[in-house]
Amino acid sequence: MNRDTRRSRFVLGLLIVISLLLITFDLRSGSALKGPRSIANSIVSPLQRAATAVSTPVGNFFSDISSLGSAHQKIRNLQTQNSKLKAKLVDRSNLTSQLDQLKGVLNLAGAGQYKTVFGRVIGMGSAAGFAETITVDLGRVDGVSPDMTVISTDGLVGRVQSVEARSCTAVLLSDLKFKIGARLAGSQALGIISGEGAAPLSLEVLDSQVEVKVGDQLVARGSMGGRPFVPGVPIGVITQVSDTPGALTRLAKVRPYAHLGTLNVVGIVVKPPKVDPRDALLPVAPTPLPTPTVTVTVTAAPIPSPSPTK
Amino acid sequence: MRGSRELSALIALLFAYVLQTSVIARLQLPLGGPNLVLILFLAWALQHEALHGALIGFTVGMLMDLAPPAISTVGAWTLVLTVVGYGISSLATRSQNLGNSPITDWLLCAVGLLAIFFGRIVVGAAVGEPEASLSALMDILAGLVTWNLLLAPFAIWLSRRLFSSLSPSAEMMR
């Protein structure tokens, strides 16, 4: 018994030392553990792919069944909501044009300036795993590399973290470690959005003088060279503003446009072929002219210009 | 005999991981849903002595650190689960000497989940992961505890059956 205890203590110590070494290696250079990672990936991701293919119809079936009872009530609610929204739409035609422009920006990212590849979500990390991440069935062979922007048809989804030959892992907007520079569509004020797990995103507006209100829309400010974030991608809408008098920054809650929970197909913005930096100032692709409706979001126009820089 | 037992345990673990990441996580259950891998790990740790508890924790931790869509620092989960596996296994062996009951197993699961939660936060802070806000952490804790404790008795029963059917001598050894 005593010898048993001593032996298991020894093994425990050994395993702890190994774990600490792994942590040290990983922290010192992110690439040291690439080998084991890609081995694990090549085993797990085909299984995930298969499991997704099998379970998607089943999952849909179950979600259909579970919503049967509430469907009637839901329809009524939707009808009420619909009429309300229609009234709102008439009142604020301005908003529609704004939305159209935002959508245009998104389409623009796909059609004109950036090349976007689309793939399926095959795996998802849960809150219980302390990481809100997804595996997408696009990899190096599709031209994906780390720090690319991940979008859905609704808006920003996240950022590519690591890439294997045929799959990649992306960090979602809602992950606790996620941070992105954002721009208020109206006032052009800058802010930082950070993920809060299951809770709505939080926004910190750097200038406390800026007026922030519920319903304000946020777009990605964009990073240098479009990595990790291409500019102009819609992020979300402000749902709640917390007013702390005297604070240096203003805080707000943001609901993301993309439905992060039910992601199925996502796009990854693959950069266009590199252009000589000398030609940075020359427009490679024709810059789309802003529409005549002069709303505040008209600054969407300068956004495409950084894209051809690289 | 032993080899086949370990192999089938590995396959079950892999199966649970894929089920978790490709099916459970996408169902969008309230509070994040259960974590099959962690329940399986605790159920196994309960049925082994300390040495094997640590080894099981190490294996499960490596999988959670390396397999997609993991992005955390490699070794973080491994460290936490190795220690928790060792602790839970030695506690379980001790309580079995006093007389085994499903309630103690279940309580040990709760202790294990709390240890995993706090251990992961401490290790996360040590390796420089950004701090999560308190409310986000509370959400994780609530989901982790409620869901997994609900499913724990079932997982314990299942893995006990799996192992006893594989090696009848295991029951006699106990």
# chains A, B, ... in the order shown; residues from 1 in each chain; ligands from 1
>>> residues_around(residues="A:Thr24", least_positions_apart="6", cutoff="10 Å", atoms="only C-alpha atoms", output="compact mmCIF listing (two decimals) with N, CA and C atoms, in the first residue's frame")
# COMPACT_ATOMS: atom_id res chain seq x y z
N ILE A 18 5.65 17.32 -16.68
CA ILE A 18 5.44 17.30 -18.14
C ILE A 18 4.47 18.40 -18.55
N THR B 73 -3.58 27.46 -24.13
CA THR B 73 -2.18 27.07 -23.99
C THR B 73 -2.09 25.57 -23.77
N VAL B 74 -1.25 24.91 -24.57
CA VAL B 74 -1.12 23.46 -24.43
C VAL B 74 -0.52 23.16 -23.05
N GLY B 75 -1.17 22.27 -22.32
CA GLY B 75 -0.69 21.92 -21.00
C GLY B 75 -1.58 22.43 -19.88
N VAL B 127 -0.94 31.48 -16.93
CA VAL B 127 -0.34 31.49 -18.27
C VAL B 127 -0.70 32.75 -19.03
>>> interface_residues(of="chain A", to="chain B", cutoff="8 Å", atoms="only C-alpha atoms", output="PDB file with C-alpha atoms, in the first residue's frame")
ATOM      1  CA  THR A   5       1.177   5.480  -2.759  1.00  0.00           C
ATOM      2  CA  ARG A   7       4.688   5.182  -6.843  1.00  0.00           C
ATOM      3  CA  SER A   8       1.509   7.063  -7.689  1.00  0.00           C
ATOM      4  CA  ARG A   9       2.907  10.224  -6.102  1.00  0.00           C
ATOM      5  CA  VAL A  11       3.842   9.471 -11.395  1.00  0.00           C
ATOM      6  CA  LEU A  12       1.726  12.460 -10.380  1.00  0.00           C
ATOM      7  CA  LEU A  15       2.927  14.230 -15.099  1.00  0.00           C
ATOM      8  CA  ILE A  16       2.777  17.673 -13.468  1.00  0.00           C
ATOM      9  CA  SER A  19       2.388  19.584 -18.130  1.00  0.00           C
ATOM     10  CA  LEU A  20       4.441  22.506 -16.884  1.00  0.00           C
ATOM     11  CA  LEU A  21       7.030  21.862 -19.566  1.00  0.00           C
ATOM     12  CA  LEU A  22       4.294  21.789 -22.206  1.00  0.00           C
ATOM     13  CA  ILE A  23       2.927  25.099 -20.942  1.00  0.00           C
ATOM     14  CA  ASP A  26       3.738  26.650 -25.761  1.00  0.00           C
ATOM     15  CA  LEU A  27       4.163  30.051 -24.157  1.00  0.00           C
ATOM     16  CA  LEU A  33       3.717  22.118 -30.339  1.00  0.00           C
ATOM     17  CA  PRO A  36       1.154  17.179 -31.755  1.00  0.00           C
ATOM     18  CA  ARG A  37      -1.595  19.675 -32.577  1.00  0.00           C
ATOM     19  CA  ALA A  40      -4.641  15.498 -32.965  1.00  0.00           C
ATOM     20  CA  ASN A  41      -6.284  17.528 -35.687  1.00  0.00           C
ATOM     21  CA  VAL A  44     -10.334  14.452 -34.685  1.00  0.00           C
ATOM     22  CA  SER A  45     -11.432  16.747 -37.496  1.00  0.00           C
ATOM     23  CA  LEU A  47     -14.571  12.525 -37.153  1.00  0.00           C
ATOM     24  CA  GLN A  48     -16.082  15.946 -36.492  1.00  0.00           C
ATOM     25  CA  ARG A  49     -16.832  16.312 -40.167  1.00  0.00           C
ATOM     26  CA  ALA A  51     -20.480  13.684 -36.968  1.00  0.00           C
ATOM     27  CA  THR A  52     -21.669  17.025 -38.324  1.00  0.00           C
ATOM     28  CA  SER A  55     -26.172  14.980 -36.836  1.00  0.00           C
ATOM     29  CA  GLY A  59     -30.563  18.216 -34.858  1.00  0.00           C
ATOM     30  CA  ILE A 122     -17.805  21.134 -38.114  1.00  0.00           C
ATOM     31  CA  GLY A 123     -16.934  21.602 -34.452  1.00  0.00           C
ATOM     32  CA  MET A 124     -17.684  24.023 -31.677  1.00  0.00           C
ATOM     33  CA  GLY A 125     -16.156  24.665 -28.278  1.00  0.00           C
ATOM     34  CA  SER A 126     -18.627  25.337 -25.511  1.00  0.00           C
ATOM     35  CA  ALA A 127     -18.596  27.703 -22.573  1.00  0.00           C
ATOM     36  CA  ALA A 128     -17.946  24.689 -20.365  1.00  0.00           C
ATOM     37  CA  GLY A 129     -14.665  24.280 -22.222  1.00  0.00           C
ATOM     38  CA  PHE A 130     -13.685  27.890 -21.475  1.00  0.00           C
ATOM     39  CA  ALA A 131     -13.322  28.667 -25.167  1.00  0.00           C
ATOM     40  CA  THR A 133     -14.224  28.505 -30.832  1.00  0.00           C
ATOM     41  CA  ILE A 134     -15.257  26.754 -34.033  1.00  0.00           C
ATOM     42  CA  THR A 135     -13.641  24.342 -36.420  1.00  0.00           C
ATOM     43  CA  GLN A 161      -6.522  31.223 -34.941  1.00  0.00           C
ATOM     44  CA  SER A 162      -4.795  28.152 -36.314  1.00  0.00           C
ATOM     45  CA  THR A 169      -9.938  26.841 -35.858  1.00  0.00           C
ATOM     46  CA  ALA A 170     -11.440  30.277 -35.372  1.00  0.00           C
ATOM     47  CA  LEU A 176     -13.646  35.794 -23.353  1.00  0.00           C
ATOM     48  CA  LYS A 177     -10.282  36.516 -24.944  1.00  0.00           C
ATOM     49  CA  GLU A 196     -18.192  38.057 -22.624  1.00  0.00           C
ATOM     50  CA  GLY A 197     -19.030  34.412 -23.196  1.00  0.00           C
ATOM     51  CA  ALA A 198     -22.750  33.772 -23.142  1.00  0.00           C
ATOM     52  CA  ALA A 199     -23.492  37.375 -22.160  1.00  0.00           C
ATOM     53  CA  GLY A 261     -24.880  29.919 -31.626  1.00  0.00           C
ATOM     54  CA  THR A 262     -26.329  28.570 -34.820  1.00  0.00           C
TER      55      THR A 262
END
>>> atom_distance(atom1="atom CA of A:Leu218", atom2="atom CA of A:Lys86")
23.3 Å
>>> residues_around(residues="B:Ala43", least_positions_apart="6", cutoff="8 Å", atoms="only C-alpha atoms", output="PyMOL selection string")
chain B and resi 109+152+155-156+159
>>> residues_around(residues="B:Gln47", least_positions_apart="5", cutoff="8 Å", atoms="only C-alpha atoms", output="list of chain:residue names")
B:Ser89, B:Ala92, B:Thr93, B:Arg160
>>> write_last_selection(atoms="C-alpha atoms", output="PDB file, in the first residue's frame")
ATOM      1  CA  SER B  89      -9.235   8.958  -7.395  1.00  0.00           C
ATOM      2  CA  ALA B  92     -12.774   7.809  -4.039  1.00  0.00           C
ATOM      3  CA  THR B  93     -10.515   4.960  -2.962  1.00  0.00           C
ATOM      4  CA  ARG B 160     -18.986   1.049 -14.432  1.00  0.00           C
TER       5      ARG B 160
END
>>> closest_residue(among="A:Gly13, A:Asp243, A:Ile151, A:Ser223", to="A:Ala258", atoms="only C-alpha atoms")
A:Ile151
>>> atom_distance(atom1="atom CA of B:Phe41", atom2="atom CA of B:Ile56")
7.2 Å
>>> atom_distance(atom1="atom CA of A:Val141", atom2="atom CA of A:Val163")
9.9 Å
>>> decode(residues="stretch 83-122 of chain B", atoms="N, CA and C atoms", output="CSV table (one decimal), in the first residue's frame")
chain,number,residue,atom,x,y,z
B,83,VAL,N,-4.0,16.8,-11.9
B,83,VAL,CA,-4.1,16.9,-10.4
B,83,VAL,C,-5.5,16.5,-9.9
B,84,VAL,N,-6.5,17.0,-10.6
B,84,VAL,CA,-7.9,16.7,-10.2
B,84,VAL,C,-8.1,15.1,-10.2
B,85,GLY,N,-7.6,14.5,-11.3
B,85,GLY,CA,-7.8,13.1,-11.4
B,85,GLY,C,-7.1,12.3,-10.3
B,86,TYR,N,-6.0,12.8,-9.9
B,86,TYR,CA,-5.3,12.1,-8.8
B,86,TYR,C,-6.1,12.3,-7.5
B,87,GLY,N,-6.5,13.6,-7.3
B,87,GLY,CA,-7.2,13.9,-6.1
B,87,GLY,C,-8.5,13.1,-6.0
B,88,ILE,N,-9.3,13.1,-7.0
B,88,ILE,CA,-10.6,12.5,-7.0
B,88,ILE,C,-10.4,11.0,-6.8
B,89,SER,N,-9.5,10.4,-7.5
B,89,SER,CA,-9.2,9.0,-7.4
B,89,SER,C,-8.8,8.6,-6.0
B,90,SER,N,-7.9,9.3,-5.4
B,90,SER,CA,-7.5,8.9,-4.0
B,90,SER,C,-8.7,9.2,-3.0
B,91,LEU,N,-9.4,10.2,-3.2
B,91,LEU,CA,-10.6,10.4,-2.3
B,91,LEU,C,-11.6,9.3,-2.5
B,92,ALA,N,-11.8,8.9,-3.8
B,92,ALA,CA,-12.8,7.8,-4.0
B,92,ALA,C,-12.3,6.5,-3.4
B,93,THR,N,-11.0,6.2,-3.6
B,93,THR,CA,-10.5,5.0,-3.0
B,93,THR,C,-10.7,5.0,-1.5
B,94,ARG,N,-10.5,6.1,-0.8
B,94,ARG,CA,-10.6,6.3,0.6
B,94,ARG,C,-12.1,6.1,1.0
B,95,SER,N,-13.0,6.7,0.2
B,95,SER,CA,-14.4,6.6,0.6
B,95,SER,C,-14.9,5.2,0.4
B,96,GLN,N,-14.3,4.5,-0.6
B,96,GLN,CA,-14.8,3.1,-0.9
B,96,GLN,C,-14.4,2.2,0.3
B,97,ASN,N,-13.3,2.5,1.0
B,97,ASN,CA,-12.9,1.7,2.1
B,97,ASN,C,-14.0,1.9,3.2
B,98,LEU,N,-14.6,3.0,3.3
B,98,LEU,CA,-15.6,3.3,4.3
B,98,LEU,C,-17.0,2.7,3.9
B,99,GLY,N,-17.1,2.3,2.6
B,99,GLY,CA,-18.4,1.8,2.2
B,99,GLY,C,-18.8,2.7,1.0
B,100,ASN,N,-19.1,2.0,-0.1
B,100,ASN,CA,-19.4,2.8,-1.3
B,100,ASN,C,-20.8,3.2,-1.4
B,101,SER,N,-21.1,4.4,-1.8
B,101,SER,CA,-22.5,4.7,-2.1
B,101,SER,C,-22.6,5.7,-3.2
B,102,PRO,N,-23.7,5.7,-3.9
B,102,PRO,CA,-23.9,6.6,-5.1
B,102,PRO,C,-23.8,8.0,-4.7
B,103,ILE,N,-24.3,8.3,-3.4
B,103,ILE,CA,-24.3,9.7,-3.0
B,103,ILE,C,-22.8,10.2,-2.9
B,104,THR,N,-21.9,9.4,-2.3
B,104,THR,CA,-20.6,9.9,-2.2
B,104,THR,C,-19.9,10.1,-3.6
B,105,ASP,N,-20.2,9.2,-4.5
B,105,ASP,CA,-19.7,9.4,-5.9
B,105,ASP,C,-20.2,10.7,-6.5
B,106,TRP,N,-21.4,11.0,-6.2
B,106,TRP,CA,-22.0,12.2,-6.8
B,106,TRP,C,-21.4,13.4,-6.2
B,107,LEU,N,-21.2,13.4,-4.8
B,107,LEU,CA,-20.6,14.5,-4.1
B,107,LEU,C,-19.2,14.7,-4.6
B,108,LEU,N,-18.5,13.6,-4.8
B,108,LEU,CA,-17.1,13.7,-5.3
B,108,LEU,C,-17.1,14.3,-6.7
B,109,CYS,N,-18.1,14.0,-7.5
B,109,CYS,CA,-18.2,14.6,-8.9
B,109,CYS,C,-18.3,16.2,-8.7
B,110,ALA,N,-19.2,16.6,-7.8
B,110,ALA,CA,-19.4,18.0,-7.5
B,110,ALA,C,-18.0,18.6,-7.1
B,111,VAL,N,-17.3,18.0,-6.2
B,111,VAL,CA,-16.0,18.5,-5.7
B,111,VAL,C,-15.1,18.6,-6.9
B,112,GLY,N,-15.1,17.5,-7.8
B,112,GLY,CA,-14.2,17.5,-8.9
B,112,GLY,C,-14.5,18.6,-9.9
B,113,LEU,N,-15.8,18.9,-10.1
B,113,LEU,CA,-16.2,20.0,-11.1
B,113,LEU,C,-15.7,21.3,-10.5
B,114,LEU,N,-15.9,21.5,-9.2
B,114,LEU,CA,-15.5,22.8,-8.6
B,114,LEU,C,-14.0,22.9,-8.8
B,115,ALA,N,-13.3,21.8,-8.5
B,115,ALA,CA,-11.8,21.8,-8.6
B,115,ALA,C,-11.3,22.1,-10.0
B,116,ILE,N,-12.0,21.5,-11.0
B,116,ILE,CA,-11.7,21.8,-12.4
B,116,ILE,C,-11.9,23.3,-12.7
B,117,PHE,N,-13.0,23.8,-12.3
B,117,PHE,CA,-13.4,25.2,-12.5
B,117,PHE,C,-12.3,26.2,-12.0
B,118,PHE,N,-12.1,26.0,-10.7
B,118,PHE,CA,-11.2,27.0,-10.1
B,118,PHE,C,-9.7,26.7,-10.5
B,119,GLY,N,-9.4,25.4,-10.7
B,119,GLY,CA,-8.0,25.1,-11.2
B,119,GLY,C,-7.8,25.7,-12.5
B,120,ARG,N,-8.8,25.6,-13.4
B,120,ARG,CA,-8.6,26.2,-14.7
B,120,ARG,C,-8.5,27.7,-14.7
B,121,ILE,N,-9.2,28.3,-13.8
B,121,ILE,CA,-9.1,29.8,-13.7
B,121,ILE,C,-7.7,30.2,-13.3
B,122,VAL,N,-7.2,29.5,-12.2
B,122,VAL,CA,-5.9,29.8,-11.7
B,122,VAL,C,-4.8,29.5,-12.7
